[in-house]
$ cat final.cif   # mmCIF, C-alpha atoms
data_protein
#
loop_
_atom_site.label_atom_id
_atom_site.label_comp_id
_atom_site.auth_asym_id
_atom_site.auth_seq_id
_atom_site.Cartn_x
_atom_site.Cartn_y
_atom_site.Cartn_z
CA MET W 1 -96.31 191.55 -12.05
CA GLN W 2 -98.07 194.67 -10.83
CA VAL W 3 -101.82 195.09 -11.45
CA VAL W 4 -102.25 198.77 -12.29
CA LEU W 5 -105.15 200.91 -13.50
CA PHE W 6 -105.17 202.73 -16.82
CA SER W 7 -106.13 206.29 -15.91
CA LYS W 8 -107.73 207.17 -19.27
CA MET W 9 -111.23 207.11 -17.72
CA LEU W 10 -110.15 209.30 -14.79
CA GLN W 11 -109.20 212.50 -16.59
CA ASP W 12 -110.68 214.83 -13.96
CA ASP W 13 -108.91 213.23 -10.99
CA THR W 14 -106.07 214.86 -9.10
CA ILE W 15 -103.10 212.74 -8.06
CA GLU W 16 -104.54 212.63 -4.54
CA GLN W 17 -107.83 211.31 -5.91
CA LEU W 18 -106.03 208.71 -8.02
CA ILE W 19 -104.21 207.52 -4.91
CA GLU W 20 -107.49 207.24 -3.03
CA ARG W 21 -109.06 205.26 -5.87
CA ALA W 22 -106.14 202.85 -6.12
CA HIS W 23 -106.41 202.00 -2.44
CA LYS W 24 -110.19 201.58 -2.63
CA TYR W 25 -110.01 199.34 -5.68
CA GLY W 26 -106.94 197.35 -4.66
CA ALA W 27 -104.74 198.50 -7.56
CA GLU W 28 -100.97 198.57 -7.13
CA GLY W 29 -100.47 201.77 -9.10
CA TYR W 30 -101.17 203.36 -12.47
CA ASP W 31 -100.66 203.27 -16.17
CA LEU W 32 -100.75 207.06 -16.17
CA CYS W 33 -102.16 209.03 -19.09
CA VAL W 34 -99.96 212.04 -19.76
CA ARG W 35 -102.21 213.92 -22.13
CA PRO W 36 -103.69 217.40 -22.38
CA GLY W 37 -106.35 217.91 -19.71
CA TYR W 38 -104.97 215.35 -17.23
CA ALA W 39 -103.38 216.03 -13.84
CA VAL W 40 -100.00 215.24 -15.38
CA ASN W 41 -99.81 216.52 -18.95
CA PRO W 42 -97.06 217.35 -21.46
CA ASP W 43 -96.99 220.99 -20.39
CA ASN W 44 -96.38 220.34 -16.68
CA ALA W 45 -94.73 216.89 -16.80
CA ALA W 46 -91.24 218.14 -15.93
CA GLU W 47 -92.39 218.99 -12.41
CA ALA W 48 -95.70 217.16 -12.06
CA LEU W 49 -94.53 213.66 -13.00
CA PRO W 50 -91.66 213.37 -10.48
CA LYS W 51 -93.97 214.82 -7.83
CA ALA W 52 -96.73 212.33 -8.70
CA VAL W 53 -94.24 209.44 -8.50
CA GLU W 54 -93.16 210.62 -5.04
CA GLN W 55 -96.74 211.05 -3.85
CA MET W 56 -97.69 207.56 -4.99
CA ALA W 57 -94.55 205.92 -3.65
CA ALA W 58 -95.31 207.42 -0.24
CA LYS W 59 -98.60 205.50 -0.36
CA ASN W 60 -97.01 202.24 -1.62
CA LEU W 61 -98.19 202.78 -5.19
CA LYS W 62 -96.21 202.87 -8.42
CA ILE W 63 -96.54 204.71 -11.73
CA ALA W 64 -95.47 201.71 -13.78
CA MET W 65 -95.78 203.29 -17.22
CA ILE W 66 -96.91 206.34 -19.16
CA THR W 67 -99.44 206.41 -21.98
CA GLY W 68 -98.97 209.32 -24.36
CA ASN W 69 -101.54 210.91 -26.62
CA PHE W 70 -103.14 208.82 -29.38
CA ASP W 71 -101.15 210.72 -32.02
CA LEU W 72 -97.75 210.26 -30.35
CA LEU W 73 -96.19 208.20 -33.14
CA THR W 74 -92.95 209.84 -34.28
CA VAL W 75 -90.11 211.55 -32.45
CA ASP W 76 -90.95 214.95 -33.94
CA HIS W 77 -94.23 215.09 -31.99
CA PRO W 78 -94.17 218.19 -29.76
CA THR W 79 -94.74 216.14 -26.58
CA THR W 80 -91.89 213.67 -27.19
CA ILE W 81 -89.01 215.39 -25.42
CA PRO W 82 -91.10 216.86 -22.57
CA ILE W 83 -92.46 213.40 -21.77
CA LEU W 84 -89.20 211.46 -22.16
CA SER W 85 -87.17 213.93 -20.12
CA ALA W 86 -89.82 213.95 -17.37
CA MET W 87 -89.92 210.14 -17.35
CA ASP W 88 -86.15 209.93 -17.02
CA ARG W 89 -86.18 212.42 -14.16
CA ALA W 90 -89.04 210.55 -12.43
CA ASN W 91 -87.55 207.07 -13.09
CA VAL W 92 -90.57 205.83 -15.08
CA ARG W 93 -89.18 203.59 -17.80
CA LEU W 94 -92.06 202.44 -20.06
CA LEU W 95 -93.84 204.67 -22.61
CA LYS W 96 -96.81 203.58 -24.72
CA LEU W 97 -97.18 205.17 -28.15
CA GLY W 98 -100.34 205.75 -30.19
CA TYR W 99 -101.45 203.65 -33.18
CA PHE W 100 -100.33 203.49 -36.78
CA LYS W 101 -103.60 202.93 -38.68
CA PHE W 102 -103.69 200.92 -41.91
CA ASP W 103 -106.12 201.07 -44.83
CA PRO W 104 -105.68 197.90 -46.91
CA LEU W 105 -107.55 199.48 -49.82
CA THR W 106 -105.28 202.50 -50.20
CA GLN W 107 -101.96 201.67 -48.52
CA ASP W 108 -99.19 199.22 -49.35
CA TYR W 109 -98.58 197.05 -46.31
CA TRP W 110 -94.85 196.54 -46.72
CA ALA W 111 -94.28 200.21 -47.54
CA GLU W 112 -96.01 201.03 -44.25
CA VAL W 113 -93.84 198.49 -42.44
CA ASP W 114 -90.74 200.21 -43.81
CA ARG W 115 -92.05 203.65 -42.83
CA ILE W 116 -92.90 202.56 -39.29
CA ARG W 117 -89.58 200.80 -38.85
CA ARG W 118 -87.84 204.06 -39.73
CA ALA W 119 -89.90 205.71 -37.00
CA PHE W 120 -88.88 202.99 -34.53
CA ALA W 121 -85.22 203.47 -35.47
CA ASP W 122 -85.59 207.09 -34.34
CA TRP W 123 -87.40 206.01 -31.16
CA GLU W 124 -84.65 203.51 -30.42
CA LYS W 125 -82.07 206.31 -30.35
CA LEU W 126 -84.18 208.47 -28.04
CA GLY W 127 -85.09 205.51 -25.85
CA ARG W 128 -81.41 204.83 -25.33
CA GLN W 129 -80.69 208.50 -24.66
CA TYR W 130 -83.39 208.84 -21.99
CA ASN W 131 -83.27 205.24 -20.70
CA VAL W 132 -86.95 204.75 -21.55
CA LYS W 133 -88.40 201.75 -23.38
CA ILE W 134 -90.78 202.74 -26.17
CA CYS W 135 -93.69 200.26 -26.32
CA TYR W 136 -96.22 199.53 -29.03
CA HIS W 137 -99.61 197.95 -28.33
CA THR W 138 -101.23 195.07 -30.25
CA HIS W 139 -104.57 196.58 -31.29
CA SER W 140 -107.21 195.30 -33.70
CA ASP W 141 -109.36 197.42 -36.05
CA HIS W 142 -106.90 198.06 -38.88
CA CYS W 143 -103.93 199.02 -36.73
CA MET W 144 -100.45 198.02 -37.80
CA GLY W 145 -99.06 195.47 -35.37
CA GLY W 146 -102.55 194.21 -34.58
CA ASN W 147 -101.23 190.97 -33.12
CA CYS W 148 -97.83 189.62 -32.17
CA ALA W 149 -97.11 188.19 -35.62
CA ALA W 150 -97.71 191.59 -37.22
CA MET W 151 -95.86 193.32 -34.38
CA CYS W 152 -92.76 191.32 -35.27
CA HIS W 153 -92.77 192.95 -38.71
CA LEU W 154 -92.41 196.31 -36.99
CA ILE W 155 -89.97 195.75 -34.12
CA ARG W 156 -87.90 192.65 -34.85
CA ASP W 157 -84.13 193.27 -34.69
CA PHE W 158 -84.46 196.47 -32.68
CA ASP W 159 -82.81 196.63 -29.26
CA PRO W 160 -85.33 195.14 -26.77
CA SER W 161 -83.96 197.39 -24.05
CA CYS W 162 -85.24 200.37 -26.05
CA ILE W 163 -88.26 199.00 -27.99
CA GLY W 164 -90.92 196.86 -26.31
CA ALA W 165 -94.12 194.95 -27.05
CA TYR W 166 -97.31 195.80 -25.19
CA ILE W 167 -99.50 192.78 -25.80
CA ASP W 168 -103.26 192.53 -25.37
CA PRO W 169 -104.90 189.09 -25.11
CA ALA W 170 -108.32 190.48 -26.08
CA HIS W 171 -107.11 192.19 -29.24
CA MET W 172 -104.99 189.14 -30.07
CA LEU W 173 -108.16 187.04 -29.84
CA ILE W 174 -110.01 189.41 -32.17
CA GLU W 175 -107.10 189.15 -34.60
CA GLY W 176 -107.21 185.34 -34.48
CA GLU W 177 -103.94 184.72 -32.65
CA GLU W 178 -103.47 182.19 -29.86
CA PHE W 179 -101.92 183.86 -26.83
CA GLU W 180 -99.28 181.18 -26.31
CA VAL W 181 -98.19 181.35 -29.96
CA GLY W 182 -98.06 185.16 -29.97
CA LEU W 183 -96.10 185.15 -26.74
CA ALA W 184 -93.53 182.81 -28.26
CA MET W 185 -93.06 185.22 -31.17
CA ILE W 186 -92.69 188.35 -29.08
CA ARG W 187 -90.99 186.88 -25.99
CA GLU W 188 -87.77 188.91 -26.25
CA TYR W 189 -89.71 192.20 -26.41
CA LEU W 190 -92.49 191.49 -23.90
CA SER W 191 -92.83 194.54 -21.65
CA ILE W 192 -96.50 195.26 -20.78
CA VAL W 193 -99.75 193.27 -20.80
CA ALA W 194 -103.22 194.83 -21.18
CA LEU W 195 -106.12 193.34 -19.23
CA LYS W 196 -109.63 193.42 -20.66
CA ASP W 197 -112.07 190.77 -21.85
CA VAL W 198 -113.95 190.49 -25.13
CA MET W 199 -116.95 188.62 -26.48
CA LEU W 200 -117.07 187.65 -30.16
CA THR W 201 -120.42 187.01 -31.80
CA ARG W 202 -121.79 186.50 -35.29
CA GLU W 203 -123.59 189.52 -36.66
CA PRO W 204 -125.78 188.58 -39.65
CA LYS W 205 -125.30 190.94 -42.57
CA ASP W 206 -126.79 190.60 -46.07
CA GLY W 207 -127.06 186.85 -45.66
CA HIS W 208 -123.48 186.44 -44.54
CA GLY W 209 -121.81 186.25 -41.16
CA LYS W 210 -119.81 189.16 -39.76
CA MET W 211 -117.80 189.02 -36.56
CA HIS W 212 -118.79 191.49 -33.87
CA SER W 213 -116.54 192.19 -30.90
CA GLU W 214 -117.64 193.75 -27.63
CA PHE W 215 -115.53 194.41 -24.56
CA VAL W 216 -117.22 192.97 -21.48
CA MET W 217 -116.61 192.50 -17.76
CA SER W 218 -113.61 190.28 -17.15
CA GLY W 219 -114.49 186.62 -16.88
CA GLU W 220 -117.61 187.09 -19.03
CA GLY W 221 -115.76 187.07 -22.36
CA MET W 222 -113.72 184.61 -24.38
CA VAL W 223 -110.17 185.20 -23.16
CA ASP W 224 -108.83 182.16 -21.28
CA TRP W 225 -107.36 184.04 -18.35
CA THR W 226 -106.24 180.90 -16.55
CA LYS W 227 -104.06 180.06 -19.55
CA VAL W 228 -102.89 183.64 -20.08
CA PHE W 229 -101.66 184.00 -16.52
CA ALA W 230 -100.13 180.53 -16.48
CA ASP W 231 -98.18 181.45 -19.63
CA LEU W 232 -97.02 184.73 -18.11
CA VAL W 233 -95.87 182.99 -14.94
CA ARG W 234 -94.06 180.38 -17.02
CA GLU W 235 -92.27 183.18 -18.88
CA ARG W 236 -91.47 184.82 -15.51
CA PHE W 237 -92.96 188.06 -16.76
CA ASP W 238 -92.59 190.80 -14.16
CA GLY W 239 -93.90 193.91 -15.90
CA PRO W 240 -97.10 195.90 -15.48
CA LEU W 241 -100.54 194.39 -16.04
CA THR W 242 -102.72 197.34 -16.94
CA VAL W 243 -106.49 197.09 -16.33
CA HIS W 244 -108.33 198.93 -19.10
CA CYS W 245 -112.07 198.93 -18.29
CA GLN W 246 -112.78 199.60 -21.97
CA PHE W 247 -116.55 199.97 -21.81
CA ASP W 248 -119.03 202.74 -21.15
CA MET W 249 -119.40 203.60 -17.47
CA THR W 250 -121.34 206.31 -15.70
CA PRO W 251 -119.47 208.10 -12.90
CA GLU W 252 -121.59 206.14 -10.43
CA GLN W 253 -120.58 202.83 -11.99
CA ILE W 254 -116.84 203.47 -12.08
CA PRO W 255 -116.01 202.49 -8.47
CA GLY W 256 -117.84 199.17 -8.56
CA ILE W 257 -116.61 198.19 -12.01
CA MET W 258 -112.98 199.16 -11.47
CA LYS W 259 -112.85 197.41 -8.12
CA SER W 260 -114.35 194.27 -9.65
CA GLU W 261 -111.92 194.29 -12.58
CA VAL W 262 -108.86 194.77 -10.37
CA SER W 263 -110.05 192.06 -7.96
CA PHE W 264 -110.60 189.59 -10.81
CA TYR W 265 -107.11 190.04 -12.24
CA LYS W 266 -105.33 190.05 -8.89
CA ALA W 267 -107.01 186.74 -8.09
CA GLN W 268 -105.94 185.32 -11.46
CA LYS W 269 -102.38 186.46 -10.86
CA GLU W 270 -102.17 184.99 -7.35
CA ARG W 271 -103.70 181.69 -8.48
CA ALA W 272 -101.21 181.39 -11.35
CA LEU W 273 -98.25 182.32 -9.15
CA SER W 274 -99.26 179.71 -6.56
CA ALA W 275 -99.66 177.04 -9.21
CA GLY W 276 -96.36 177.98 -10.81
CA LEU W 277 -94.47 177.78 -7.55
CA ALA W 278 -96.06 174.42 -6.75
CA ALA W 279 -94.96 173.05 -10.12
CA ARG W 280 -91.30 173.98 -9.63
#

$ encode --input "final.cif" --output "structure tokens"
Amino acid sequence: MQVVLFSKMLQDDTIEQLIERAHKYGAEGYDLCVRPGYAVNPDNAAEALPKAVEQMAAKNLKIAMITGNFDLLTVDHPTTIPILSAMDRANVRLLKLGYFKFDPLTQDYWAEVDRIRRAFADWEKLGRQYNVKICYHTHSDHCMGGNCAAMCHLIRDFDPSCIGAYIDPAHMLIEGEEFEVGLAMIREYLSIVALKDVMLTREPKDGHGKMHSEFVMSGEGMVDWTKVFADLVRERFDGPLTVHCQFDMTPEQIPGIMKSEVSFYKAQKERALSAGLAAR
């Protein structure tokens, strides 16, 4: 398991600056955003991504995965082939897609499942062609595949070497799914794990309760990280753990917060690995 930083918040950084940050914060590499305006983007990926991989490898860092633009959902997106071909050339094998949103008031759920599965059938072919696994993220807030149970509707029976599950304990908690249960459902497809914490509170509204979720510093929320990491060690998961830092930060706050988040999760990982080895 490699603890890597999601570079979404670091849009203005060069590759050299990303390398410097990773060393300062203790990260083992990056979940690299390949989006317009970033150091590596769809227009320059053919050359810039292999170069970035080489630069990071020279400093003992790894680009463990690529996150495409939020609207990268179907194979006809203009960035699809530029990104996949660059990933194959650079030997980066995990790609995260955007999100299929769902409106329960206007859309038919099972019709959307069928539509998305047709999209994944196309991705499966391209994933096999470029030797890249196409991963979809469990995300709350009316996204299809919001937890592992719903994710199974979308990806079950596809080739797990081409289609993967990117699971998120915080979003699973928001969606009311126990991590251990979700993991059992998605085990065959497990490819990436997101790391961020969340606090759930009751928000009074018109005399009734409404759940409010807020992403908070890790260890201050409701995710049972001891259990999450123990479960991952038990499953012998060895993919990227991507630290999200999904809360507002000023530029001055970024170094302290990112270093703290990485340190928290590396400690959780090492503790779980030690306990797992002792139990064998």

$ residues_around --input "final.cif" --residues "Phe179 of chain W" --least-positions-apart "5" --cutoff "9 Å" --atoms "only C-alpha atoms" --output "list in words"
Cys148, Asp168, Pro169, Met172, Leu173, Ala184, Lys227, Val228 and Asp231 of chain W

$ closest_residue --input "final.cif" --among "W:Ala39, W:Ala267, W:Ile174, W:Val3" --to "Leu195 of chain W" --atoms "only C-alpha atoms"
W:Val3

$ residues_around --input "final.cif" --residues "Met56 of chain W" --least-positions-apart "5" --cutoff "8 Å" --atoms "all atoms listed in the file" --output "list of chain:residue names"
W:Ile19, W:Gly29, W:Leu61, W:Lys62, W:Ile63

$ write_last_selection --input "final.cif" --atoms "C-alpha atoms" --output "CSV table (one decimal), in the frame of the given file"
chain,number,residue,atom,x,y,z
W,19,ILE,CA,-104.2,207.5,-4.9
W,29,GLY,CA,-100.5,201.8,-9.1
W,61,LEU,CA,-98.2,202.8,-5.2
W,62,LYS,CA,-96.2,202.9,-8.4
W,63,ILE,CA,-96.5,204.7,-11.7

$ residues_around --input "final.cif" --residues "Cys135 of chain W" --least-positions-apart "4" --cutoff "7 Å" --atoms "all atoms listed in the file" --output "PyMOL selection string"
chain W and resi 94-97+163-166

$ resolve_selection --input "final.cif" --expression "the PyMOL selection byres ((chain W and resi 235) around 12)" --output "tab-separated table (two decimals) with C-alpha atoms, in the coordinates of the input"
chain	number	residue	atom	x	y	z
W	1	MET	CA	-96.31	191.55	-12.05
W	180	GLU	CA	-99.28	181.18	-26.31
W	183	LEU	CA	-96.10	185.15	-26.74
W	184	ALA	CA	-93.53	182.81	-28.26
W	186	ILE	CA	-92.69	188.35	-29.08
W	187	ARG	CA	-90.99	186.88	-25.99
W	188	GLU	CA	-87.77	188.91	-26.25
W	190	LEU	CA	-92.49	191.49	-23.90
W	191	SER	CA	-92.83	194.54	-21.65
W	228	VAL	CA	-102.89	183.64	-20.08
W	229	PHE	CA	-101.66	184.00	-16.52
W	230	ALA	CA	-100.13	180.53	-16.48
W	231	ASP	CA	-98.18	181.45	-19.63
W	232	LEU	CA	-97.02	184.73	-18.11
W	233	VAL	CA	-95.87	182.99	-14.94
W	234	ARG	CA	-94.06	180.38	-17.02
W	236	ARG	CA	-91.47	184.82	-15.51
W	237	PHE	CA	-92.96	188.06	-16.76
W	238	ASP	CA	-92.59	190.80	-14.16
W	239	GLY	CA	-93.90	193.91	-15.90
W	272	ALA	CA	-101.21	181.39	-11.35
W	273	LEU	CA	-98.25	182.32	-9.15
W	276	GLY	CA	-96.36	177.98	-10.81

$ residues_around --input "final.cif" --residues "segment 67-72 of chain W" --least-positions-apart "2" --cutoff "12 Å" --atoms "only C-alpha atoms" --output "PDB file with C-alpha atoms, keeping the file's coordinate frame"
ATOM      1  CA  LEU W   5    -105.150 200.910 -13.500  1.00  0.00           C
ATOM      2  CA  PHE W   6    -105.170 202.730 -16.820  1.00  0.00           C
ATOM      3  CA  SER W   7    -106.130 206.290 -15.910  1.00  0.00           C
ATOM      4  CA  LYS W   8    -107.730 207.170 -19.270  1.00  0.00           C
ATOM      5  CA  TYR W  30    -101.170 203.360 -12.470  1.00  0.00           C
ATOM      6  CA  ASP W  31    -100.660 203.270 -16.170  1.00  0.00           C
ATOM      7  CA  LEU W  32    -100.750 207.060 -16.170  1.00  0.00           C
ATOM      8  CA  CYS W  33    -102.160 209.030 -19.090  1.00  0.00           C
ATOM      9  CA  VAL W  34     -99.960 212.040 -19.760  1.00  0.00           C
ATOM     10  CA  ARG W  35    -102.210 213.920 -22.130  1.00  0.00           C
ATOM     11  CA  PRO W  36    -103.690 217.400 -22.380  1.00  0.00           C
ATOM     12  CA  GLY W  37    -106.350 217.910 -19.710  1.00  0.00           C
ATOM     13  CA  TYR W  38    -104.970 215.350 -17.230  1.00  0.00           C
ATOM     14  CA  VAL W  40    -100.000 215.240 -15.380  1.00  0.00           C
ATOM     15  CA  ASN W  41     -99.810 216.520 -18.950  1.00  0.00           C
ATOM     16  CA  PRO W  42     -97.060 217.350 -21.460  1.00  0.00           C
ATOM     17  CA  ALA W  45     -94.730 216.890 -16.800  1.00  0.00           C
ATOM     18  CA  ILE W  63     -96.540 204.710 -11.730  1.00  0.00           C
ATOM     19  CA  ALA W  64     -95.470 201.710 -13.780  1.00  0.00           C
ATOM     20  CA  MET W  65     -95.780 203.290 -17.220  1.00  0.00           C
ATOM     21  CA  THR W  74     -92.950 209.840 -34.280  1.00  0.00           C
ATOM     22  CA  VAL W  75     -90.110 211.550 -32.450  1.00  0.00           C
ATOM     23  CA  ASP W  76     -90.950 214.950 -33.940  1.00  0.00           C
ATOM     24  CA  HIS W  77     -94.230 215.090 -31.990  1.00  0.00           C
ATOM     25  CA  PRO W  78     -94.170 218.190 -29.760  1.00  0.00           C
ATOM     26  CA  THR W  79     -94.740 216.140 -26.580  1.00  0.00           C
ATOM     27  CA  THR W  80     -91.890 213.670 -27.190  1.00  0.00           C
ATOM     28  CA  ILE W  81     -89.010 215.390 -25.420  1.00  0.00           C
ATOM     29  CA  PRO W  82     -91.100 216.860 -22.570  1.00  0.00           C
ATOM     30  CA  ILE W  83     -92.460 213.400 -21.770  1.00  0.00           C
ATOM     31  CA  LEU W  84     -89.200 211.460 -22.160  1.00  0.00           C
ATOM     32  CA  MET W  87     -89.920 210.140 -17.350  1.00  0.00           C
ATOM     33  CA  VAL W  92     -90.570 205.830 -15.080  1.00  0.00           C
ATOM     34  CA  ARG W  93     -89.180 203.590 -17.800  1.00  0.00           C
ATOM     35  CA  LEU W  94     -92.060 202.440 -20.060  1.00  0.00           C
ATOM     36  CA  LEU W  95     -93.840 204.670 -22.610  1.00  0.00           C
ATOM     37  CA  LYS W  96     -96.810 203.580 -24.720  1.00  0.00           C
ATOM     38  CA  LEU W  97     -97.180 205.170 -28.150  1.00  0.00           C
ATOM     39  CA  GLY W  98    -100.340 205.750 -30.190  1.00  0.00           C
ATOM     40  CA  TYR W  99    -101.450 203.650 -33.180  1.00  0.00           C
ATOM     41  CA  PHE W 100    -100.330 203.490 -36.780  1.00  0.00           C
ATOM     42  CA  LYS W 101    -103.600 202.930 -38.680  1.00  0.00           C
ATOM     43  CA  ALA W 119     -89.900 205.710 -37.000  1.00  0.00           C
ATOM     44  CA  TRP W 123     -87.400 206.010 -31.160  1.00  0.00           C
ATOM     45  CA  ILE W 134     -90.780 202.740 -26.170  1.00  0.00           C
ATOM     46  CA  CYS W 135     -93.690 200.260 -26.320  1.00  0.00           C
ATOM     47  CA  TYR W 136     -96.220 199.530 -29.030  1.00  0.00           C
ATOM     48  CA  HIS W 137     -99.610 197.950 -28.330  1.00  0.00           C
ATOM     49  CA  TYR W 166     -97.310 195.800 -25.190  1.00  0.00           C
ATOM     50  CA  ILE W 192     -96.500 195.260 -20.780  1.00  0.00           C
ATOM     51  CA  THR W 242    -102.720 197.340 -16.940  1.00  0.00           C
ATOM     52  CA  HIS W 244    -108.330 198.930 -19.100  1.00  0.00           C
TER      53      HIS W 244
END

$ residues_around --input "final.cif" --residues "segment 175-177 of chain W" --least-positions-apart "2" --cutoff "12 Å" --atoms "only C-alpha atoms" --output "PyMOL selection string"
chain W and resi 138-151+167-173+179-185+198+200+211-213+223

$ atom_distance --input "final.cif" --atom1 "atom CA of Gly209 of chain W" --atom2 "atom CA of Phe102 of chain W"
23.3 Å

$ resolve_selection --input "final.cif" --expression "the PyMOL selection byres ((chain W and resi 21-26) around 10)" --output "VMD selection string"
chain W and resid 3 to 5 10 13 15 to 20 27 to 30 56 59 to 61 255 to 263 266

$ atom_distance --input "final.cif" --atom1 "atom CA of Asn131 of chain W" --atom2 "atom CA of Ala111 of chain W"
29.4 Å

$ build_atoms --input "final.cif" --residues "segment 247-260 of chain W" --atoms "N, CA and C atoms" --output "mmCIF file, in the frame of the given file"
data_model
loop_
_atom_site.group_PDB
_atom_site.id
_atom_site.type_symbol
_atom_site.label_atom_id
_atom_site.label_comp_id
_atom_site.auth_asym_id
_atom_site.auth_seq_id
_atom_site.Cartn_x
_atom_site.Cartn_y
_atom_site.Cartn_z
ATOM 1 N N PHE W 247 -115.131 199.959 -21.481
ATOM 2 C CA PHE W 247 -116.550 199.970 -21.810
ATOM 3 C C PHE W 247 -117.188 201.188 -21.160
ATOM 4 N N ASP W 248 -118.365 201.546 -21.653
ATOM 5 C CA ASP W 248 -119.030 202.740 -21.150
ATOM 6 C C ASP W 248 -119.389 202.576 -19.679
ATOM 7 N N MET W 249 -119.064 203.604 -18.895
ATOM 8 C CA MET W 249 -119.400 203.600 -17.470
ATOM 9 C C MET W 249 -119.901 204.994 -17.097
ATOM 10 N N THR W 250 -120.942 205.041 -16.298
ATOM 11 C CA THR W 250 -121.340 206.310 -15.700
ATOM 12 C C THR W 250 -120.408 206.580 -14.524
ATOM 13 N N PRO W 251 -120.309 207.828 -14.074
ATOM 14 C CA PRO W 251 -119.470 208.100 -12.900
ATOM 15 C C PRO W 251 -119.849 207.252 -11.689
ATOM 16 N N GLU W 252 -121.127 206.947 -11.566
ATOM 17 C CA GLU W 252 -121.590 206.140 -10.430
ATOM 18 C C GLU W 252 -121.148 204.684 -10.551
ATOM 19 N N GLN W 253 -120.961 204.225 -11.776
ATOM 20 C CA GLN W 253 -120.580 202.830 -11.990
ATOM 21 C C GLN W 253 -119.081 202.597 -11.859
ATOM 22 N N ILE W 254 -118.290 203.645 -12.037
ATOM 23 C CA ILE W 254 -116.840 203.470 -12.080
ATOM 24 C C ILE W 254 -116.279 202.764 -10.856
ATOM 25 N N PRO W 255 -116.623 203.167 -9.631
ATOM 26 C CA PRO W 255 -116.010 202.490 -8.470
ATOM 27 C C PRO W 255 -116.259 200.989 -8.428
ATOM 28 N N GLY W 256 -117.520 200.592 -8.633
ATOM 29 C CA GLY W 256 -117.840 199.170 -8.560
ATOM 30 C C GLY W 256 -117.174 198.370 -9.661
ATOM 31 N N ILE W 257 -117.185 198.909 -10.879
ATOM 32 C CA ILE W 257 -116.610 198.190 -12.010
ATOM 33 C C ILE W 257 -115.093 198.087 -11.885
ATOM 34 N N MET W 258 -114.447 199.193 -11.571
ATOM 35 C CA MET W 258 -112.980 199.160 -11.470
ATOM 36 C C MET W 258 -112.525 198.240 -10.340
ATOM 37 N N LYS W 259 -113.210 198.288 -9.229
ATOM 38 C CA LYS W 259 -112.850 197.410 -8.120
ATOM 39 C C LYS W 259 -113.017 195.949 -8.509
ATOM 40 N N SER W 260 -114.106 195.644 -9.211
ATOM 41 C CA SER W 260 -114.350 194.270 -9.650
ATOM 42 C C SER W 260 -113.295 193.793 -10.632
#
